[in-house]
>>> print(open('structure_8.pdb').read())   # PDB, C-alpha atoms
MODEL        1
ATOM      1  CA  MET A 556      72.123 115.534 124.847
ATOM      2  CA  ILE A 557      75.307 116.719 126.552
ATOM      3  CA  TYR A 558      78.558 115.901 124.733
ATOM      4  CA  HIS A 559      81.440 115.801 127.188
ATOM      5  CA  VAL A 560      84.706 114.030 126.421
ATOM      6  CA  THR A 561      86.695 112.864 129.427
ATOM      7  CA  ASP A 562      89.020 110.423 127.625
ATOM      8  CA  TRP A 563      90.435 111.999 124.477
ATOM      9  CA  ASP A 564      92.464 108.933 123.536
ATOM     10  CA  ASP A 565      89.297 106.847 123.477
ATOM     11  CA  ALA A 566      87.471 109.555 121.538
ATOM     12  CA  TYR A 567      89.832 108.969 118.621
ATOM     13  CA  ALA A 568      90.261 105.197 119.075
ATOM     14  CA  ASN A 569      88.451 103.642 116.124
ATOM     15  CA  GLY A 570      89.628 100.042 116.117
ATOM     16  CA  ALA A 571      88.652  99.448 119.730
ATOM     17  CA  HIS A 572      85.021 100.092 118.813
ATOM     18  CA  ILE A 573      84.815  98.165 115.498
ATOM     19  CA  PRO A 574      84.165  94.394 115.445
ATOM     20  CA  GLN A 575      86.969  92.343 113.857
ATOM     21  CA  ALA A 576      88.974  95.536 113.372
ATOM     22  CA  ASP A 577      92.245  93.594 113.027
ATOM     23  CA  GLY A 578      91.061  92.075 109.766
ATOM     24  CA  PHE A 579      90.716  95.302 107.837
ATOM     25  CA  VAL A 580      94.360  96.099 107.113
ATOM     26  CA  PRO A 581      95.152  92.612 105.700
ATOM     27  CA  ARG A 582      91.975  92.839 103.610
ATOM     28  CA  TRP A 583      93.011  96.256 102.275
ATOM     29  CA  GLN A 584      96.520  95.002 101.516
ATOM     30  CA  ASN A 585      95.186  92.130  99.437
ATOM     31  CA  ALA A 586      92.625  94.245  97.615
ATOM     32  CA  ALA A 587      95.165  96.977  96.869
ATOM     33  CA  ALA A 588      97.766  94.533  95.535
ATOM     34  CA  ALA A 589      95.212  92.834  93.293
ATOM     35  CA  PHE A 590      94.011  96.185  91.982
ATOM     36  CA  ARG A 591      97.547  97.332  91.132
ATOM     37  CA  GLN A 592      98.187  94.069  89.324
ATOM     38  CA  ALA A 593      95.087  94.603  87.208
ATOM     39  CA  HIS A 594      95.673  98.349  86.775
ATOM     40  CA  PRO A 595      99.412  99.125  86.928
ATOM     41  CA  PRO A 596      99.904 102.723  88.102
ATOM     42  CA  GLN A 597     102.566 105.208  87.181
ATOM     43  CA  PRO A 598     104.774 106.715  89.902
ATOM     44  CA  LEU A 599     103.793 110.040  91.418
ATOM     45  CA  GLY A 600     106.426 111.120  93.914
ATOM     46  CA  ARG A 601     105.829 109.016  97.027
ATOM     47  CA  GLY A 602     102.505 107.839  95.615
ATOM     48  CA  HIS A 603     101.025 106.723  92.333
ATOM     49  CA  LEU A 604      98.602 107.663  89.569
ATOM     50  CA  PHE A 605      96.039 105.461  87.867
ATOM     51  CA  ARG A 606      94.853 106.374  84.384
ATOM     52  CA  PRO A 607      91.636 105.185  82.732
ATOM     53  CA  ALA A 608      91.442 103.856  79.207
ATOM     54  CA  GLY A 609      91.208 106.798  76.822
ATOM     55  CA  THR A 610      91.122 110.456  77.802
ATOM     56  CA  ALA A 611      90.459 111.073  81.476
ATOM     57  CA  GLN A 612      87.263 112.876  82.446
ATOM     58  CA  GLY A 613      89.185 114.562  85.238
ATOM     59  CA  LEU A 614      91.439 113.884  88.212
ATOM     60  CA  MET A 615      90.373 112.521  91.584
ATOM     61  CA  VAL A 616      92.903 112.762  94.406
ATOM     62  CA  PHE A 617      92.605 110.514  97.470
ATOM     63  CA  MET A 618      94.707 111.346 100.540
ATOM     64  CA  HIS A 619      95.200 108.464 102.948
ATOM     65  CA  GLY A 620      94.738 108.455 106.687
ATOM     66  CA  GLY A 621      96.554 106.871 109.602
ATOM     67  CA  TYR A 622      96.673 109.818 112.009
ATOM     68  CA  TRP A 623      99.532 111.312 109.972
ATOM     69  CA  MET A 624     101.721 108.576 111.513
ATOM     70  CA  ARG A 625     100.968 105.353 109.621
ATOM     71  CA  PHE A 626     100.383 103.756 106.236
ATOM     72  CA  ASP A 627     101.255 104.740 102.684
ATOM     73  CA  PRO A 628      99.349 105.131  99.400
ATOM     74  CA  GLY A 629      99.936 101.514  98.418
ATOM     75  CA  LEU A 630      97.472 100.291 101.046
ATOM     76  CA  TRP A 631      94.589 102.133  99.399
ATOM     77  CA  SER A 632      95.018 101.515  95.654
ATOM     78  CA  HIS A 633      91.687  99.665  95.403
ATOM     79  CA  LEU A 634      89.836 102.824  96.411
ATOM     80  CA  ALA A 635      90.588 104.155  92.927
ATOM     81  CA  ALA A 636      88.249 101.550  91.421
ATOM     82  CA  GLY A 637      85.031 103.540  91.356
ATOM     83  CA  ALA A 638      86.433 106.713  89.865
ATOM     84  CA  LEU A 639      88.593 104.797  87.381
ATOM     85  CA  ALA A 640      85.507 102.928  86.160
ATOM     86  CA  ARG A 641      83.847 106.300  85.564
ATOM     87  CA  GLY A 642      86.730 107.440  83.403
ATOM     88  CA  TRP A 643      88.601 109.584  85.913
ATOM     89  CA  ALA A 644      92.309 109.407  86.629
ATOM     90  CA  VAL A 645      93.085 108.843  90.304
ATOM     91  CA  ALA A 646      96.124 110.103  92.203
ATOM     92  CA  LEU A 647      97.110 108.758  95.614
ATOM     93  CA  PRO A 648      99.810 111.048  96.986
ATOM     94  CA  GLY A 649     102.227 110.086  99.713
ATOM     95  CA  TYR A 650     103.717 112.301 102.380
ATOM     96  CA  THR A 651     106.359 112.116 105.099
ATOM     97  CA  LEU A 652     104.856 110.775 108.322
ATOM     98  CA  ALA A 653     105.280 111.919 111.904
ATOM     99  CA  PRO A 654     107.557 112.138 113.763
ATOM    100  CA  GLN A 655     109.845 112.737 110.763
ATOM    101  CA  ALA A 656     107.538 115.545 109.621
ATOM    102  CA  ARG A 657     105.059 117.887 111.210
ATOM    103  CA  ILE A 658     101.556 118.292 109.851
ATOM    104  CA  ALA A 659     102.334 121.628 108.213
ATOM    105  CA  GLN A 660     105.075 119.954 106.146
ATOM    106  CA  MET A 661     102.712 117.130 105.185
ATOM    107  CA  ALA A 662     100.189 119.638 103.865
ATOM    108  CA  ARG A 663     102.876 121.262 101.711
ATOM    109  CA  GLU A 664     104.008 117.882 100.365
ATOM    110  CA  VAL A 665     100.466 116.854  99.462
ATOM    111  CA  ALA A 666      99.826 120.201  97.782
ATOM    112  CA  ALA A 667     102.931 119.685  95.654
ATOM    113  CA  ALA A 668     101.748 116.188  94.711
ATOM    114  CA  VAL A 669      98.307 117.508  93.749
ATOM    115  CA  ALA A 670      99.944 120.149  91.576
ATOM    116  CA  GLU A 671     102.180 117.519  89.968
ATOM    117  CA  ALA A 672      99.207 115.274  89.192
ATOM    118  CA  ALA A 673      97.255 118.254  87.868
ATOM    119  CA  GLY A 674     100.063 118.844  85.400
ATOM    120  CA  LEU A 675      99.657 115.299  84.093
ATOM    121  CA  VAL A 676      95.853 115.164  83.818
ATOM    122  CA  ASP A 677      93.561 117.789  82.297
ATOM    123  CA  GLY A 678      90.060 118.652  83.397
ATOM    124  CA  PRO A 679      88.301 119.094  86.732
ATOM    125  CA  ILE A 680      89.919 118.058  90.004
ATOM    126  CA  ALA A 681      88.038 116.304  92.822
ATOM    127  CA  LEU A 682      89.698 116.161  96.237
ATOM    128  CA  THR A 683      88.962 113.590  98.910
ATOM    129  CA  GLY A 684      90.693 111.811 101.750
ATOM    130  CA  HIS A 685      89.955 109.744 104.817
ATOM    131  CA  SER A 686      90.496 110.630 108.477
ATOM    132  CA  ALA A 687      93.864 112.431 108.600
ATOM    133  CA  GLY A 688      93.666 112.383 104.814
ATOM    134  CA  GLY A 689      90.269 114.055 105.083
ATOM    135  CA  HIS A 690      91.999 116.801 107.027
ATOM    136  CA  LEU A 691      94.539 117.140 104.219
ATOM    137  CA  ALA A 692      91.804 117.234 101.566
ATOM    138  CA  ALA A 693      90.060 120.093 103.352
ATOM    139  CA  ARG A 694      93.403 121.768 103.987
ATOM    140  CA  MET A 695      94.048 121.909 100.230
ATOM    141  CA  ILE A 696      91.159 124.313  99.648
ATOM    142  CA  CYS A 697      91.821 126.709 102.515
ATOM    143  CA  ASP A 698      92.223 130.287 101.339
ATOM    144  CA  ASP A 699      95.899 130.605 102.204
ATOM    145  CA  ALA A 700      97.542 129.602  98.911
ATOM    146  CA  THR A 701      98.176 126.006  99.996
ATOM    147  CA  LEU A 702      97.415 125.005  96.406
ATOM    148  CA  PRO A 703      98.624 127.122  93.484
ATOM    149  CA  ASP A 704      95.801 129.328  92.241
ATOM    150  CA  ALA A 705      95.754 127.700  88.789
ATOM    151  CA  VAL A 706      95.307 124.264  90.342
ATOM    152  CA  ALA A 707      92.715 125.385  92.875
ATOM    153  CA  ALA A 708      90.694 126.992  90.073
ATOM    154  CA  ARG A 709      90.138 123.513  88.624
ATOM    155  CA  VAL A 710      88.796 121.992  91.844
ATOM    156  CA  THR A 711      85.090 121.269  91.419
ATOM    157  CA  ALA A 712      84.422 119.334  94.629
ATOM    158  CA  CYS A 713      86.005 118.495  97.954
ATOM    159  CA  VAL A 714      84.670 115.589 100.026
ATOM    160  CA  PRO A 715      86.595 115.042 103.279
ATOM    161  CA  ILE A 716      85.632 111.621 104.673
ATOM    162  CA  SER A 717      85.659 111.106 108.465
ATOM    163  CA  ALA A 718      87.879 114.151 108.570
ATOM    164  CA  LEU A 719      89.733 115.714 111.465
ATOM    165  CA  THR A 720      89.051 119.397 110.958
ATOM    166  CA  ASP A 721      89.999 120.963 114.303
ATOM    167  CA  LEU A 722      93.366 119.692 115.489
ATOM    168  CA  ARG A 723      93.373 121.329 118.911
ATOM    169  CA  PRO A 724      91.773 118.378 120.772
ATOM    170  CA  LEU A 725      94.529 116.097 119.504
ATOM    171  CA  MET A 726      96.963 117.949 121.738
ATOM    172  CA  ARG A 727      95.193 116.180 124.638
ATOM    173  CA  THR A 728      95.940 112.695 123.288
ATOM    174  CA  ASP A 729      98.924 110.405 123.711
ATOM    175  CA  MET A 730      99.403 110.635 119.944
ATOM    176  CA  ASN A 731     100.715 114.122 120.364
ATOM    177  CA  ALA A 732     104.006 112.766 121.670
ATOM    178  CA  THR A 733     104.541 111.786 118.008
ATOM    179  CA  LEU A 734     102.601 114.523 116.227
ATOM    180  CA  ARG A 735     104.154 117.317 118.317
ATOM    181  CA  LEU A 736     101.251 119.680 117.750
ATOM    182  CA  ASP A 737     101.442 122.946 119.619
ATOM    183  CA  PRO A 738      98.694 125.583 119.849
ATOM    184  CA  ALA A 739     100.112 127.671 117.020
ATOM    185  CA  GLU A 740     100.408 124.790 114.555
ATOM    186  CA  ALA A 741      97.061 123.286 115.579
ATOM    187  CA  ALA A 742      95.377 126.593 114.821
ATOM    188  CA  ALA A 743      97.292 127.215 111.601
ATOM    189  CA  GLU A 744      96.584 123.727 110.210
ATOM    190  CA  SER A 745      92.939 123.291 111.265
ATOM    191  CA  PRO A 746      90.581 123.778 108.303
ATOM    192  CA  ALA A 747      87.738 124.603 110.704
ATOM    193  CA  LEU A 748      89.762 127.602 111.912
ATOM    194  CA  LEU A 749      90.614 128.779 108.390
ATOM    195  CA  ALA A 750      88.572 130.223 105.539
ATOM    196  CA  PRO A 751      87.721 128.159 102.446
ATOM    197  CA  ARG A 752      88.462 129.204  98.903
ATOM    198  CA  ALA A 753      85.412 130.590  97.182
ATOM    199  CA  GLY A 754      83.386 128.563  94.707
ATOM    200  CA  ILE A 755      84.285 124.996  95.757
ATOM    201  CA  PRO A 756      81.393 122.848  97.016
ATOM    202  CA  VAL A 757      82.330 120.923 100.157
ATOM    203  CA  THR A 758      80.631 117.795 101.499
ATOM    204  CA  THR A 759      81.863 116.280 104.720
ATOM    205  CA  TRP A 760      81.056 112.560 104.750
ATOM    206  CA  VAL A 761      81.083 110.385 107.857
ATOM    207  CA  GLY A 762      79.727 107.003 108.911
ATOM    208  CA  GLY A 763      76.729 106.956 111.192
ATOM    209  CA  MET A 764      78.412 104.342 113.409
ATOM    210  CA  GLU A 765      81.642 106.280 113.866
ATOM    211  CA  ARG A 766      82.983 107.632 117.122
ATOM    212  CA  PRO A 767      80.973 110.721 118.134
ATOM    213  CA  GLU A 768      84.083 112.888 117.819
ATOM    214  CA  PHE A 769      84.389 112.175 114.086
ATOM    215  CA  ILE A 770      80.745 113.039 113.520
ATOM    216  CA  ARG A 771      81.200 116.241 115.523
ATOM    217  CA  GLN A 772      84.291 117.210 113.536
ATOM    218  CA  SER A 773      82.525 116.575 110.224
ATOM    219  CA  ARG A 774      79.544 118.682 111.228
ATOM    220  CA  LEU A 775      81.860 121.359 112.545
ATOM    221  CA  LEU A 776      83.585 122.026 109.223
ATOM    222  CA  ALA A 777      80.345 122.036 107.241
ATOM    223  CA  ASN A 778      78.715 124.437 109.690
ATOM    224  CA  ILE A 779      81.618 126.856 110.008
ATOM    225  CA  TRP A 780      82.415 126.985 106.309
ATOM    226  CA  ALA A 781      78.730 127.499 105.460
ATOM    227  CA  GLY A 782      78.897 130.592 107.636
ATOM    228  CA  LEU A 783      81.898 131.767 105.618
ATOM    229  CA  GLY A 784      79.999 131.546 102.339
ATOM    230  CA  ALA A 785      80.881 128.053 101.083
ATOM    231  CA  ALA A 786      78.308 125.647  99.676
ATOM    232  CA  THR A 787      78.490 122.818 102.214
ATOM    233  CA  ASP A 788      76.721 119.660 103.264
ATOM    234  CA  CYS A 789      77.364 117.007 105.900
ATOM    235  CA  VAL A 790      76.310 113.465 105.007
ATOM    236  CA  ILE A 791      76.083 110.957 107.854
ATOM    237  CA  ASP A 792      76.094 107.602 106.059
ATOM    238  CA  PRO A 793      73.924 105.242 108.118
ATOM    239  CA  GLY A 794      75.254 101.936 109.389
ATOM    240  CA  LEU A 795      78.893 102.578 108.441
ATOM    241  CA  HIS A 796      81.915 102.921 110.698
ATOM    242  CA  HIS A 797      85.345 104.465 110.292
ATOM    243  CA  PHE A 798      86.837 101.510 108.414
ATOM    244  CA  ASP A 799      84.073 100.669 105.953
ATOM    245  CA  VAL A 800      82.772 104.142 105.065
ATOM    246  CA  ILE A 801      85.546 104.450 102.461
ATOM    247  CA  GLU A 802      84.291 101.391 100.581
ATOM    248  CA  ARG A 803      81.875 103.738  98.811
ATOM    249  CA  LEU A 804      84.857 104.873  96.731
ATOM    250  CA  GLU A 805      85.096 101.418  95.145
ATOM    251  CA  GLN A 806      81.516 101.609  93.856
ATOM    252  CA  PRO A 807      81.147 103.555  90.569
ATOM    253  CA  ASP A 808      77.490 104.338  91.222
ATOM    254  CA  SER A 809      77.787 105.304  94.897
ATOM    255  CA  PRO A 810      76.248 108.547  96.166
ATOM    256  CA  LEU A 811      79.688 109.450  97.516
ATOM    257  CA  LEU A 812      81.228 109.379  94.037
ATOM    258  CA  ASP A 813      78.221 111.197  92.599
ATOM    259  CA  ARG A 814      78.937 114.026  95.049
ATOM    260  CA  LEU A 815      82.655 113.956  94.315
ATOM    261  CA  LEU A 816      82.974 113.513  90.552
ATOM    262  CA  VAL A 817      81.400 116.639  89.166
ATOM    263  CA  SER A 818      82.512 119.144  86.564
ATOM    264  CA  ARG A 819      81.568 122.709  85.848
TER     265      ARG A 819
ENDMDL
END
>>> encode(input="structure_8.pdb", output="structure tokens")
Amino acid sequence: MIYHVTDWDDAYANGAHIPQADGFVPRWQNAAAAFRQAHPPQPLGRGHLFRPAGTAQGLMVFMHGGYWMRFDPGLWSHLAAGALARGWAVALPGYTLAPQARIAQMAREVAAAVAEAAGLVDGPIALTGHSAGGHLAARMICDDATLPDAVAARVTACVPISALTDLRPLMRTDMNATLRLDPAEAAAESPALLAPRAGIPVTTWVGGMERPEFIRQSRLLANIWAGLGAATDCVIDPGLHHFDVIERLEQPDSPLLDRLLVSR
């Protein structure tokens, strides 16, 4: 089957291809607010940190999406539910959005937030994120000192969800008027064009009903990093699209969390 994209804006347009897409953000807002009321977080820079009862088993970090242009950690608080129920602390870092910041700056801000959270919670660290946040999760374990070595040494799993791993095609979209990606930054900030740190298992996770470009990008990172020596897998979760694939994070017994919450 030939894969040929002629409309790059449509290739990355999720809502236009999801039934009742307009209802998801209000649903997330309500679920997140209710979760914070039941589990008050502590501040973490631009984001927040949820702690379980008793000593945490480790730290999960979720990096939010929105094409690096929209949303904030407060919209996604409910996605901490599954890990929190399993005894893990959960950090949701924030970062400056485009056009106020470029993607390289966002990666540095998220790395600093991960390091800050790591200083507050002992044990293994599991990194995940969705869409643009999936890009940032993968970016954290690139072998270019994005994360401090002592923090990276504690990372036991990275699961980018519906991740954007090669940023070069985004230069062909209307979004780039805001993102301002140029060839040099797109190459420097694309995990698929960088080497992974050694010893961190990576699972790219994507819904089977997502836009073909997101499935391609997920497969791309798993394939390239496998060739660079990483232990990788690509899970295509059947029947799920870009907006509901993240609901697996709310379920303590989900296969997604089983892949993510591991320790050495």
>>> closest_atom_pairs(input="structure_8.pdb", of="region 636-716 of chain A", to="region 785-804 of chain A", cutoff="8 Å", atoms="all atoms listed in the file", output="Markdown table")
| residue | atom | partner | partner_atom | distance |
| --- | --- | --- | --- | --- |
| A:Ala636 | CA | A:Leu804 | CA | 7.1 |
| A:Gly637 | CA | A:Leu804 | CA | 5.5 |
| A:Ala638 | CA | A:Leu804 | CA | 7.3 |
| A:His685 | CA | A:Ile801 | CA | 7.3 |
| A:Ile716 | CA | A:Ile801 | CA | 7.5 |
>>> resolve_selection(input="structure_8.pdb", expression="the PyMOL selection byres ((chain A and resi 677) around 10)", output="MDAnalysis selection string")
chainID A and resid 610:614 644 672:676 678:680 709
>>> residues_around(input="structure_8.pdb", residues="Leu816 (chain A)", least_positions_apart="3", cutoff="7 Å", atoms="only C-alpha atoms", output="PDB file with C-alpha atoms, keeping the file's coordinate frame")
ATOM      1  CA  ALA A 681      88.038 116.304  92.822  1.00  0.00           C
ATOM      2  CA  LEU A 812      81.228 109.379  94.037  1.00  0.00           C
ATOM      3  CA  ASP A 813      78.221 111.197  92.599  1.00  0.00           C
TER       4      ASP A 813
END
>>> atom_distance(input="structure_8.pdb", atom1="CA of Gly762 (chain A)", atom2="CA of Leu722 (chain A)")
19.8 Å
>>> atom_distance(input="structure_8.pdb", atom1="CA of Gln584 (chain A)", atom2="CA of Glu664 (chain A)")
24.1 Å
>>> resolve_selection(input="structure_8.pdb", expression="the PyMOL selection byres ((chain A and resi 580) around 12)", output="PyMOL selection string")
chain A and resi 570+575-579+581-587+621+625-627+629-631+798-799
>>> resolve_selection(input="structure_8.pdb", expression="the PyMOL selection byres ((chain A and resi 607) around 7)", output="PDB file with C-alpha atoms, keeping the file's coordinate frame")
ATOM      1  CA  PHE A 605      96.039 105.461  87.867  1.00  0.00           C
ATOM      2  CA  ARG A 606      94.853 106.374  84.384  1.00  0.00           C
ATOM      3  CA  ALA A 608      91.442 103.856  79.207  1.00  0.00           C
ATOM      4  CA  GLY A 609      91.208 106.798  76.822  1.00  0.00           C
ATOM      5  CA  ALA A 611      90.459 111.073  81.476  1.00  0.00           C
ATOM      6  CA  LEU A 639      88.593 104.797  87.381  1.00  0.00           C
ATOM      7  CA  GLY A 642      86.730 107.440  83.403  1.00  0.00           C
ATOM      8  CA  TRP A 643      88.601 109.584  85.913  1.00  0.00           C
ATOM      9  CA  ALA A 644      92.309 109.407  86.629  1.00  0.00           C
TER      10      ALA A 644
END
>>> residues_near_point(input="structure_8.pdb", point="(77.5, 125.8, 100.9)", cutoff="12 Å", atoms="all atoms listed in the file", output="mmCIF file with C-alpha atoms, keeping the file's coordinate frame")
data_model
loop_
_atom_site.group_PDB
_atom_site.id
_atom_site.type_symbol
_atom_site.label_atom_id
_atom_site.label_comp_id
_atom_site.auth_asym_id
_atom_site.auth_seq_id
_atom_site.Cartn_x
_atom_site.Cartn_y
_atom_site.Cartn_z
ATOM 1 C CA ALA A 712 84.422 119.334 94.629
ATOM 2 C CA CYS A 713 86.005 118.495 97.954
ATOM 3 C CA PRO A 751 87.721 128.159 102.446
ATOM 4 C CA ARG A 752 88.462 129.204 98.903
ATOM 5 C CA ALA A 753 85.412 130.590 97.182
ATOM 6 C CA GLY A 754 83.386 128.563 94.707
ATOM 7 C CA ILE A 755 84.285 124.996 95.757
ATOM 8 C CA PRO A 756 81.393 122.848 97.016
ATOM 9 C CA VAL A 757 82.330 120.923 100.157
ATOM 10 C CA THR A 758 80.631 117.795 101.499
ATOM 11 C CA THR A 759 81.863 116.280 104.720
ATOM 12 C CA LEU A 776 83.585 122.026 109.223
ATOM 13 C CA ALA A 777 80.345 122.036 107.241
ATOM 14 C CA ASN A 778 78.715 124.437 109.690
ATOM 15 C CA ILE A 779 81.618 126.856 110.008
ATOM 16 C CA TRP A 780 82.415 126.985 106.309
ATOM 17 C CA ALA A 781 78.730 127.499 105.460
ATOM 18 C CA GLY A 782 78.897 130.592 107.636
ATOM 19 C CA LEU A 783 81.898 131.767 105.618
ATOM 20 C CA GLY A 784 79.999 131.546 102.339
ATOM 21 C CA ALA A 785 80.881 128.053 101.083
ATOM 22 C CA ALA A 786 78.308 125.647 99.676
ATOM 23 C CA THR A 787 78.490 122.818 102.214
ATOM 24 C CA ASP A 788 76.721 119.660 103.264
ATOM 25 C CA CYS A 789 77.364 117.007 105.900
#
>>> atom_distance(input="structure_8.pdb", atom1="CA of Pro648 (chain A)", atom2="CA of Leu702 (chain A)")
14.2 Å
>>> closest_residue(input="structure_8.pdb", among="A:Ile770, A:Ala667, A:Ala659, A:Met695", to="Ala743 (chain A)", atoms="only C-alpha atoms")
A:Ala659
>>> residues_around(input="structure_8.pdb", residues="Ala739 (chain A)", least_positions_apart="2", cutoff="12 Å", atoms="all atoms listed in the file", output="MDAnalysis selection string")
chainID A and resid 658:659 722:723 726 735:737 741:745 748
>>> axis_aligned_box(input="structure_8.pdb", around="region 572-588 of chain A", padding_each_side="5 Å", output="AutoDock Vina command-line options")
--center_x 91.0 --center_y 96.1 --center_z 107.2 --size_x 23.6 --size_y 18.0 --size_z 33.3
>>> closest_residue(input="structure_8.pdb", among="A:Gln772, A:Ser632, A:Thr561, A:Asn569", to="Ala589 (chain A)", atoms="all atoms listed in the file")
A:Ser632
>>> residues_near_point(input="structure_8.pdb", point="(85.6, 118.5, 111.5)", cutoff="6 Å", atoms="only C-alpha atoms", output="PyMOL selection string")
chain A and resi 718-721+772-773+775-776
>>> residues_around(input="structure_8.pdb", residues="Arg727 (chain A)", least_positions_apart="3", cutoff="9 Å", atoms="all atoms listed in the file", output="JSON list (two decimals) with C-alpha atoms, in the frame of the given file")
[["chain", "number", "residue", "atom", "x", "y", "z"],
["A", 562, "ASP", "CA", 89.02, 110.42, 127.62],
["A", 563, "TRP", "CA", 90.44, 112.00, 124.48],
["A", 564, "ASP", "CA", 92.46, 108.93, 123.54],
["A", 723, "ARG", "CA", 93.37, 121.33, 118.91],
["A", 724, "PRO", "CA", 91.77, 118.38, 120.77],
["A", 730, "MET", "CA", 99.40, 110.64, 119.94],
["A", 731, "ASN", "CA", 100.72, 114.12, 120.36]]
>>> residues_around(input="structure_8.pdb", residues="Arg766 (chain A)", least_positions_apart="5", cutoff="10 Å", atoms="all atoms listed in the file", output="ChimeraX atom specification")
/A:565-569,572-573,717,761,771,796-797
>>> write_last_selection(input="structure_8.pdb", atoms="C-alpha atoms", output="compact mmCIF listing (two decimals), in the coordinates of the input")
# COMPACT_ATOMS: atom_id res chain seq x y z
CA ASP A 565 89.30 106.85 123.48
CA ALA A 566 87.47 109.56 121.54
CA TYR A 567 89.83 108.97 118.62
CA ALA A 568 90.26 105.20 119.08
CA ASN A 569 88.45 103.64 116.12
CA HIS A 572 85.02 100.09 118.81
CA ILE A 573 84.82 98.16 115.50
CA SER A 717 85.66 111.11 108.46
CA VAL A 761 81.08 110.38 107.86
CA ARG A 771 81.20 116.24 115.52
CA HIS A 796 81.92 102.92 110.70
CA HIS A 797 85.34 104.46 110.29
>>> closest_residue(input="structure_8.pdb", among="A:Val710, A:Ala646, A:Ala653, A:Leu815", to="Gly602 (chain A)", atoms="only C-alpha atoms")
A:Ala646
>>> closest_residue(input="structure_8.pdb", among="A:Glu671, A:Arg774, A:Val665, A:Leu749", to="Leu604 (chain A)", atoms="all atoms listed in the file")
A:Glu671
>>> build_atoms(input="structure_8.pdb", residues="region 791-806 of chain A", atoms="N, CA and C atoms", output="mmCIF file, in the coordinates of the input")
data_model
loop_
_atom_site.group_PDB
_atom_site.id
_atom_site.type_symbol
_atom_site.label_atom_id
_atom_site.label_comp_id
_atom_site.auth_asym_id
_atom_site.auth_seq_id
_atom_site.Cartn_x
_atom_site.Cartn_y
_atom_site.Cartn_z
ATOM 1 N N ILE A 791 75.811 112.001 106.861
ATOM 2 C CA ILE A 791 76.083 110.957 107.854
ATOM 3 C C ILE A 791 75.542 109.664 107.264
ATOM 4 N N ASP A 792 76.445 108.811 106.804
ATOM 5 C CA ASP A 792 76.094 107.602 106.059
ATOM 6 C C ASP A 792 75.676 106.512 107.046
ATOM 7 N N PRO A 793 74.410 106.134 107.052
ATOM 8 C CA PRO A 793 73.924 105.242 108.118
ATOM 9 C C PRO A 793 74.544 103.849 108.074
ATOM 10 N N GLY A 794 74.800 103.314 109.261
ATOM 11 C CA GLY A 794 75.254 101.936 109.389
ATOM 12 C C GLY A 794 76.723 101.702 109.121
ATOM 13 N N LEU A 795 77.478 102.744 108.794
ATOM 14 C CA LEU A 795 78.893 102.578 108.441
ATOM 15 C C LEU A 795 79.785 103.117 109.547
ATOM 16 N N HIS A 796 80.953 102.485 109.701
ATOM 17 C CA HIS A 796 81.915 102.921 110.698
ATOM 18 C C HIS A 796 83.165 103.471 110.006
ATOM 19 N N HIS A 797 84.163 103.763 110.803
ATOM 20 C CA HIS A 797 85.345 104.465 110.292
ATOM 21 C C HIS A 797 86.121 103.651 109.265
ATOM 22 N N PHE A 798 86.043 102.336 109.321
ATOM 23 C CA PHE A 798 86.837 101.510 108.414
ATOM 24 C C PHE A 798 86.097 101.107 107.145
ATOM 25 N N ASP A 799 84.775 101.084 107.175
ATOM 26 C CA ASP A 799 84.073 100.669 105.953
ATOM 27 C C ASP A 799 83.408 101.818 105.201
ATOM 28 N N VAL A 800 83.394 103.016 105.768
ATOM 29 C CA VAL A 800 82.772 104.142 105.065
ATOM 30 C C VAL A 800 83.487 104.446 103.750
ATOM 31 N N ILE A 801 84.787 104.153 103.679
ATOM 32 C CA ILE A 801 85.546 104.450 102.461
ATOM 33 C C ILE A 801 85.268 103.471 101.334
ATOM 34 N N GLU A 802 84.592 102.360 101.636
ATOM 35 C CA GLU A 802 84.291 101.391 100.581
ATOM 36 C C GLU A 802 83.384 101.980 99.506
ATOM 37 N N ARG A 803 82.694 103.057 99.818
ATOM 38 C CA ARG A 803 81.875 103.738 98.811
ATOM 39 C C ARG A 803 82.719 104.183 97.616
ATOM 40 N N LEU A 804 84.000 104.428 97.835
ATOM 41 C CA LEU A 804 84.857 104.873 96.731
ATOM 42 C C LEU A 804 85.107 103.770 95.710
ATOM 43 N N GLU A 805 84.908 102.530 96.081
ATOM 44 C CA GLU A 805 85.096 101.418 95.145
ATOM 45 C C GLU A 805 83.889 101.216 94.234
ATOM 46 N N GLN A 806 82.779 101.840 94.556
ATOM 47 C CA GLN A 806 81.516 101.609 93.856
ATOM 48 C C GLN A 806 81.246 102.740 92.866
#
